[in-house]
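Source file: model.txt. Holds: compact mmCIF, C-alpha atoms.
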# COMPACT_ATOMS: atom_id res chain seq x y z
CA MET A 1 -3.02 21.11 -4.58
CA GLU A 2 -5.04 23.43 -6.80
CA THR A 3 -6.93 21.63 -9.54
CA LYS A 4 -5.89 22.45 -13.07
CA GLY A 5 -9.32 21.77 -14.53
CA GLU A 6 -8.43 22.02 -18.21
CA VAL A 7 -6.38 18.81 -17.98
CA ALA A 8 -8.27 15.54 -17.74
CA GLY A 9 -6.73 12.55 -16.04
CA VAL A 10 -6.74 9.17 -17.76
CA LEU A 11 -6.19 6.03 -15.72
CA LEU A 12 -5.50 2.84 -17.66
CA ALA A 13 -6.76 0.11 -15.33
CA ALA A 14 -8.06 -2.62 -17.62
CA GLY A 15 -5.27 -5.21 -17.33
CA GLY A 16 -6.06 -8.74 -16.28
CA GLY A 17 -2.71 -9.54 -14.62
CA ARG A 18 -1.98 -12.53 -16.85
CA ARG A 19 1.50 -12.98 -15.38
CA LEU A 20 0.01 -12.58 -11.90
CA GLY A 21 -2.13 -15.64 -12.36
CA GLY A 22 -5.12 -13.68 -13.63
CA ARG A 23 -5.37 -11.23 -10.73
CA PRO A 24 -6.68 -7.91 -12.10
CA LYS A 25 -4.19 -5.21 -11.22
CA ALA A 26 -6.85 -2.68 -10.31
CA LEU A 27 -7.94 -4.87 -7.39
CA LEU A 28 -4.53 -5.59 -5.87
CA ALA A 29 -4.56 -4.52 -2.22
CA TYR A 30 -2.49 -1.42 -1.46
CA GLU A 31 -2.60 0.23 1.95
CA GLY A 32 -5.80 -1.64 2.66
CA ARG A 33 -7.68 -0.52 -0.47
CA PRO A 34 -7.77 -1.50 -4.17
CA LEU A 35 -4.73 -0.23 -6.04
CA VAL A 36 -6.93 1.63 -8.52
CA GLU A 37 -7.94 4.05 -5.75
CA HIS A 38 -4.31 5.05 -5.13
CA ALA A 39 -3.71 5.71 -8.82
CA LEU A 40 -6.92 7.73 -9.06
CA ARG A 41 -5.98 9.78 -5.99
CA ALA A 42 -2.55 10.55 -7.48
CA LEU A 43 -4.14 12.03 -10.59
CA ARG A 44 -6.62 14.11 -8.63
CA GLU A 45 -4.20 15.38 -6.00
CA GLY A 46 -1.62 16.07 -8.69
CA GLY A 47 -3.95 18.57 -10.35
CA CYS A 48 -6.10 16.79 -12.94
CA GLY A 49 -9.72 17.77 -13.35
CA PRO A 50 -12.11 15.06 -14.56
CA VAL A 51 -10.65 11.56 -14.52
CA HIS A 52 -11.58 8.90 -17.07
CA VAL A 53 -10.89 5.38 -15.76
CA VAL A 54 -10.62 2.59 -18.32
CA LEU A 55 -11.80 -0.78 -17.02
CA GLY A 56 -11.63 -4.18 -18.67
CA ALA A 57 -10.77 -7.32 -16.71
CA ALA A 58 -13.24 -7.93 -13.85
CA ALA A 59 -14.84 -4.55 -14.56
CA ASP A 60 -17.99 -5.34 -12.57
CA GLU A 61 -15.95 -6.42 -9.55
CA VAL A 62 -13.81 -3.29 -9.74
CA ARG A 63 -16.95 -1.15 -9.76
CA GLU A 64 -18.29 -3.02 -6.75
CA ARG A 65 -15.15 -3.02 -4.61
CA ALA A 66 -13.41 0.26 -5.47
CA ASP A 67 -14.55 3.83 -4.83
CA LEU A 68 -14.60 5.40 -8.28
CA SER A 69 -17.08 8.13 -7.42
CA GLY A 70 -16.83 11.23 -9.56
CA CYS A 71 -15.00 9.42 -12.36
CA VAL A 72 -16.02 8.80 -15.94
CA ILE A 73 -15.94 5.01 -16.30
CA VAL A 74 -14.85 3.80 -19.73
CA ASP A 75 -15.47 0.15 -20.53
CA ASN A 76 -12.98 -1.48 -22.87
CA PRO A 77 -14.33 -4.83 -24.09
CA ARG A 78 -11.14 -5.25 -26.14
CA TRP A 79 -8.80 -4.95 -23.16
CA GLU A 80 -7.09 -8.26 -23.94
CA GLU A 81 -5.61 -6.66 -27.06
CA GLY A 82 -3.33 -4.57 -24.84
CA MET A 83 -2.77 -1.05 -23.60
CA GLY A 84 -3.28 0.46 -27.03
CA SER A 85 -6.98 -0.47 -27.04
CA SER A 86 -7.45 1.11 -23.60
CA LEU A 87 -5.74 4.31 -24.66
CA ARG A 88 -7.92 4.53 -27.77
CA ALA A 89 -11.04 4.01 -25.65
CA ALA A 90 -9.95 6.74 -23.23
CA LEU A 91 -9.21 9.27 -25.96
CA ALA A 92 -12.57 8.55 -27.60
CA SER A 93 -14.27 9.17 -24.26
CA LEU A 94 -12.43 12.46 -23.83
CA ALA A 95 -13.29 13.59 -27.36
CA ALA A 96 -16.99 12.91 -26.69
CA ALA A 97 -17.10 14.73 -23.34
CA GLU A 98 -19.53 17.64 -23.00
CA ARG A 99 -16.84 19.80 -21.46
CA PRO A 100 -13.72 19.53 -23.63
CA SER A 101 -10.31 19.31 -22.01
CA ALA A 102 -7.19 20.94 -23.39
CA ALA A 103 -5.03 17.90 -22.65
CA ALA A 104 -5.02 14.47 -21.08
CA LEU A 105 -2.56 13.22 -18.50
CA ILE A 106 -2.20 9.45 -18.61
CA GLY A 107 -1.31 7.24 -15.66
CA LEU A 108 -1.06 3.48 -15.20
CA VAL A 109 -2.78 1.55 -12.43
CA ASP A 110 0.17 -0.75 -11.73
CA GLN A 111 2.79 1.82 -10.67
CA PRO A 112 2.27 2.43 -6.93
CA GLY A 113 5.52 4.40 -6.73
CA VAL A 114 4.20 7.13 -9.03
CA GLY A 115 2.24 9.63 -6.99
CA ALA A 116 0.74 13.08 -7.05
CA ALA A 117 4.12 14.85 -7.04
CA ALA A 118 5.09 13.37 -10.40
CA VAL A 119 1.67 14.22 -11.83
CA ALA A 120 1.98 17.82 -10.63
CA ARG A 121 5.49 18.21 -12.01
CA VAL A 122 4.53 17.00 -15.50
CA LEU A 123 1.47 19.28 -15.49
CA ALA A 124 3.55 22.27 -14.47
CA ALA A 125 6.04 21.65 -17.28
CA ALA A 126 3.35 21.39 -19.96
CA GLY A 127 2.35 25.05 -19.87
CA THR A 128 -1.07 26.58 -20.55
CA GLY A 129 -3.23 27.82 -23.40
CA ASP A 130 -2.22 26.90 -26.92
CA ALA A 131 0.98 25.28 -25.67
CA LEU A 132 -1.08 22.88 -23.60
CA VAL A 133 -3.49 21.99 -26.41
CA SER A 134 -0.60 20.99 -28.68
CA GLY A 135 1.69 19.81 -25.90
CA LEU A 136 3.56 16.59 -25.28
CA ALA A 137 5.27 15.93 -21.96
CA SER A 138 6.58 12.78 -20.33
CA ALA A 139 8.01 11.93 -16.95
CA VAL A 140 11.48 10.44 -17.08
CA TYR A 141 13.28 8.51 -14.38
CA ALA A 142 17.06 8.74 -14.47
CA GLY A 143 16.63 9.80 -18.08
CA ARG A 144 14.33 6.90 -19.05
CA ARG A 145 10.88 7.89 -20.27
CA GLY A 146 7.85 6.67 -18.31
CA HIS A 147 4.48 7.79 -16.93
CA PRO A 148 2.64 10.02 -16.43
CA VAL A 149 2.45 11.29 -19.99
CA LEU A 150 0.61 14.44 -21.08
CA ILE A 151 -0.95 14.67 -24.53
CA GLY A 152 -2.56 17.85 -25.83
CA ALA A 153 -6.01 17.56 -27.38
CA ALA A 154 -4.71 18.50 -30.83
CA ARG A 155 -2.68 15.28 -30.78
CA TRP A 156 -5.31 12.81 -29.59
CA ALA A 157 -6.29 11.61 -33.05
CA GLY A 158 -2.67 11.03 -34.03
CA VAL A 159 -1.94 9.14 -30.82
CA ALA A 160 -5.06 6.99 -31.19
CA GLY A 161 -4.05 6.10 -34.73
CA SER A 162 -0.69 4.76 -33.59
CA ALA A 163 -1.82 3.08 -30.34
CA THR A 164 -1.73 -0.65 -31.03
CA GLU A 165 -1.15 -3.75 -28.91
CA ASP A 166 0.80 -2.85 -25.74
CA ARG A 167 2.59 0.17 -27.13
CA GLY A 168 0.15 2.84 -26.01
CA ALA A 169 1.54 6.25 -26.98
CA ARG A 170 5.11 4.95 -27.24
CA ALA A 171 5.34 5.01 -31.04
CA TYR A 172 3.86 8.49 -31.30
CA LEU A 173 6.19 9.88 -28.64
CA ARG A 174 9.17 8.34 -30.37
CA GLU A 175 8.18 9.91 -33.69
CA HIS A 176 7.73 13.29 -31.98
CA SER A 177 10.62 13.10 -29.54
CA GLU A 178 11.93 16.55 -30.43
CA GLN A 179 8.59 18.09 -29.45
CA THR A 180 8.24 16.17 -26.19
CA ILE A 181 9.10 17.91 -22.92
CA LEU A 182 10.97 15.49 -20.69
CA VAL A 183 10.37 15.98 -16.98
CA GLU A 184 12.78 14.29 -14.58
CA CYS A 185 10.84 12.65 -11.74
CA GLY A 186 13.37 10.16 -10.44
CA ASP A 187 13.76 12.11 -7.21
CA ILE A 188 10.06 11.92 -6.36
CA GLY A 189 8.81 8.66 -7.84
CA ASP A 190 9.55 5.06 -8.76
CA PRO A 191 8.26 3.88 -12.17
CA ALA A 192 8.52 0.15 -11.37
CA ASP A 193 5.35 -1.64 -12.40
CA ILE A 194 3.70 -4.78 -11.15
CA ASP A 195 3.83 -7.54 -13.75
CA THR A 196 4.94 -10.71 -11.94
CA PRO A 197 4.49 -12.21 -8.46
CA ALA A 198 7.98 -10.98 -7.56
CA ASP A 199 6.81 -7.42 -8.21
CA LEU A 200 4.13 -7.66 -5.53
CA ARG A 201 6.78 -6.47 -3.06
CA LEU A 202 6.13 -2.99 -4.45
CA LEU A 203 2.80 -3.04 -2.67
CA GLU A 204 4.60 -3.14 0.68
CA ALA A 205 6.10 0.32 0.21
CA PRO A 206 4.19 3.38 1.46
CA ALA A 207 2.50 5.52 -1.16
CA PRO A 208 4.74 8.42 -2.26
CA GLY A 209 3.53 11.67 -0.75
CA ALA A 210 0.15 10.22 0.10
CA THR A 211 -2.30 12.55 1.76
CA LYS A 212 -3.30 11.37 5.19
CA ARG A 213 -6.91 10.26 5.29

If you took the structure in this file and wrote it as structure tokens, what would it be?
Amino acid sequence: METKGEVAGVLLAAGGGRRLGGRPKALLAYEGRPLVEHALRALREGGCGPVHVVLGAAADEVRERADLSGCVIVDNPRWEEGMGSSLRAALASLAAAERPSAAALIGLVDQPGVGAAAVARVLAAAGTGDALVSGLASAVYAGRRGHPVLIGAARWAGVAGSATEDRGARAYLREHSEQTILVECGDIGDPADIDTPADLRLLEAPAPGATKR
């Protein structure tokens, strides 16, 4: 797929897997490699330009075991506070980048069923130019909002201000629901995430639309 360079990818990969017995989600094995690599590949192949990866739990081990070459690594020492702290760290990293991006597209490390096709569809729906800078778009699955989520640069400060605990951008999107483009992705992705040992079965499914390597 052609890279849409004005949109940065954001991968939230800091979770410690508390309900998985303390197994960091980024390092779960998926198709023989750490799960974080699949999520990173989905953002890149879906059309994101630079990708900022937020690490927290076992950050040094993730760096050692996973191929994160070409990424901007964002350390979140406050990862135990929840997704909100990781999102704030990512948006701060984007705002400080030498080459500004018009928007950020946010993905989660623990959703192996969300691949490049969903990323590309949300990007395509978000538009270009001024519409992209002020844009809000969210994948939905059978009408239920999920990830990836696109946030225009003009909205980063507002999102960061409302991102607390495990809510991420949820509160902001709810307050701006009329301005959010909803993009149905239920035909090309599965938003199920890995939270408990029972969810580890999701790692047995092939990656959606994975590029052969």

Between atom CA of A:Val36 and atom CA of A:Asp67 - distance in Å to one decimal: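 So the two atoms, atom CA of A:Asp67 and atom CA of A:Val36, lie 8.7 Å apart.
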
Taking (-6.2, -3.3, -3.5) as a centre in this file's frame and 12 Å as the limit, can you find every polymer residue with an atom that close, using only C-alpha atoms, and give them as a ChimeraX atom specification? /A:23-39,61-62,65-67,109-110,112,200,203-204

For stretch 7-11 of chain A, please output as number ranges by chain all residues within 10 Å (counting all atoms listed in the file; exclusion window: fewer than 5 positions along the same chain). A: 36, 39-40, 42-44, 46-55, 71-74, 86-87, 90-91, 93-94, 100-109, 119, 123, 128, 132-133, 148-153

Could those selected residues go to a file with C-alpha atoms, as a PDB file, in the coordinates of the input?
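Resulting contents of part_31.pdb:
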ATOM      1  CA  VAL A  36      -6.930   1.630  -8.520  1.00  0.00           C
ATOM      2  CA  ALA A  39      -3.710   5.710  -8.820  1.00  0.00           C
ATOM      3  CA  LEU A  40      -6.920   7.730  -9.060  1.00  0.00           C
ATOM      4  CA  ALA A  42      -2.550  10.550  -7.480  1.00  0.00           C
ATOM      5  CA  LEU A  43      -4.140  12.030 -10.590  1.00  0.00           C
ATOM      6  CA  ARG A  44      -6.620  14.110  -8.630  1.00  0.00           C
ATOM      7  CA  GLY A  46      -1.620  16.070  -8.690  1.00  0.00           C
ATOM      8  CA  GLY A  47      -3.950  18.570 -10.350  1.00  0.00           C
ATOM      9  CA  CYS A  48      -6.100  16.790 -12.940  1.00  0.00           C
ATOM     10  CA  GLY A  49      -9.720  17.770 -13.350  1.00  0.00           C
ATOM     11  CA  PRO A  50     -12.110  15.060 -14.560  1.00  0.00           C
ATOM     12  CA  VAL A  51     -10.650  11.560 -14.520  1.00  0.00           C
ATOM     13  CA  HIS A  52     -11.580   8.900 -17.070  1.00  0.00           C
ATOM     14  CA  VAL A  53     -10.890   5.380 -15.760  1.00  0.00           C
ATOM     15  CA  VAL A  54     -10.620   2.590 -18.320  1.00  0.00           C
ATOM     16  CA  LEU A  55     -11.800  -0.780 -17.020  1.00  0.00           C
ATOM     17  CA  CYS A  71     -15.000   9.420 -12.360  1.00  0.00           C
ATOM     18  CA  VAL A  72     -16.020   8.800 -15.940  1.00  0.00           C
ATOM     19  CA  ILE A  73     -15.940   5.010 -16.300  1.00  0.00           C
ATOM     20  CA  VAL A  74     -14.850   3.800 -19.730  1.00  0.00           C
ATOM     21  CA  SER A  86      -7.450   1.110 -23.600  1.00  0.00           C
ATOM     22  CA  LEU A  87      -5.740   4.310 -24.660  1.00  0.00           C
ATOM     23  CA  ALA A  90      -9.950   6.740 -23.230  1.00  0.00           C
ATOM     24  CA  LEU A  91      -9.210   9.270 -25.960  1.00  0.00           C
ATOM     25  CA  SER A  93     -14.270   9.170 -24.260  1.00  0.00           C
ATOM     26  CA  LEU A  94     -12.430  12.460 -23.830  1.00  0.00           C
ATOM     27  CA  PRO A 100     -13.720  19.530 -23.630  1.00  0.00           C
ATOM     28  CA  SER A 101     -10.310  19.310 -22.010  1.00  0.00           C
ATOM     29  CA  ALA A 102      -7.190  20.940 -23.390  1.00  0.00           C
ATOM     30  CA  ALA A 103      -5.030  17.900 -22.650  1.00  0.00           C
ATOM     31  CA  ALA A 104      -5.020  14.470 -21.080  1.00  0.00           C
ATOM     32  CA  LEU A 105      -2.560  13.220 -18.500  1.00  0.00           C
ATOM     33  CA  ILE A 106      -2.200   9.450 -18.610  1.00  0.00           C
ATOM     34  CA  GLY A 107      -1.310   7.240 -15.660  1.00  0.00           C
ATOM     35  CA  LEU A 108      -1.060   3.480 -15.200  1.00  0.00           C
ATOM     36  CA  VAL A 109      -2.780   1.550 -12.430  1.00  0.00           C
ATOM     37  CA  VAL A 119       1.670  14.220 -11.830  1.00  0.00           C
ATOM     38  CA  LEU A 123       1.470  19.280 -15.490  1.00  0.00           C
ATOM     39  CA  THR A 128      -1.070  26.580 -20.550  1.00  0.00           C
ATOM     40  CA  LEU A 132      -1.080  22.880 -23.600  1.00  0.00           C
ATOM     41  CA  VAL A 133      -3.490  21.990 -26.410  1.00  0.00           C
ATOM     42  CA  PRO A 148       2.640  10.020 -16.430  1.00  0.00           C
ATOM     43  CA  VAL A 149       2.450  11.290 -19.990  1.00  0.00           C
ATOM     44  CA  LEU A 150       0.610  14.440 -21.080  1.00  0.00           C
ATOM     45  CA  ILE A 151      -0.950  14.670 -24.530  1.00  0.00           C
ATOM     46  CA  GLY A 152      -2.560  17.850 -25.830  1.00  0.00           C
ATOM     47  CA  ALA A 153      -6.010  17.560 -27.380  1.00  0.00           C
TER      48      ALA A 153
END

Report, in Å with one decimal, the straight-line distance from atom CA of A:Gly56 to atom CA of A:Val159.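 Interatomic distance, atom CA of A:Gly56 to atom CA of A:Val159: 20.5 Å.
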
Which one is closest to A:Ser177: A:Ala92, A:Ala192, A:Leu136, A:Leu12? Count only C-alpha atoms.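 Of A:Ala92, A:Ala192, A:Leu136, A:Leu12, the one nearest A:Ser177 is A:Leu136, counting only C-alpha atoms.
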
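The space between atom CA of A:Gly135 and atom CA of A:Ile188 spans 22.7 Å.
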
Counting only C-alpha atoms, find the residues whose atoms lie at most 12 Å from (8.9, 15.1, -23.2) (file coordinates) and write them out as a VMD selection string. chain A and resid 122 to 123 125 to 126 135 to 141 143 to 151 170 172 to 185

I'd like to know which of A:Ala13, A:Thr164, A:Gly158, A:Val114 is closest to A:Ala205, using all atoms listed in the file.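 So, comparing all the options, the nearest one is A:Val114.
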
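Considering the residues A:Gly189, A:Gly15, A:Gly113, A:Gly21 and counting all atoms listed in the file, A:Arg201 has its shortest atom-to-atom contact with A:Gly113.
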
Taking into account only C-alpha atoms, which residue in the set A:Arg63, A:Arg41, A:Gly168, A:Ala58 is nearest to A:Gly22? A:Ala58

Go ahead and fit an axis-aligned box to every listed atom of stretch 126-129 of chain A plus 6 Å each side, and pass me the centre and edge lengths in Å, one decimal, as lines of an AutoDock Vina configuration file.
center_x = 0.1
center_y = 24.6
center_z = -21.6
size_x = 18.6
size_y = 18.4
size_z = 15.5
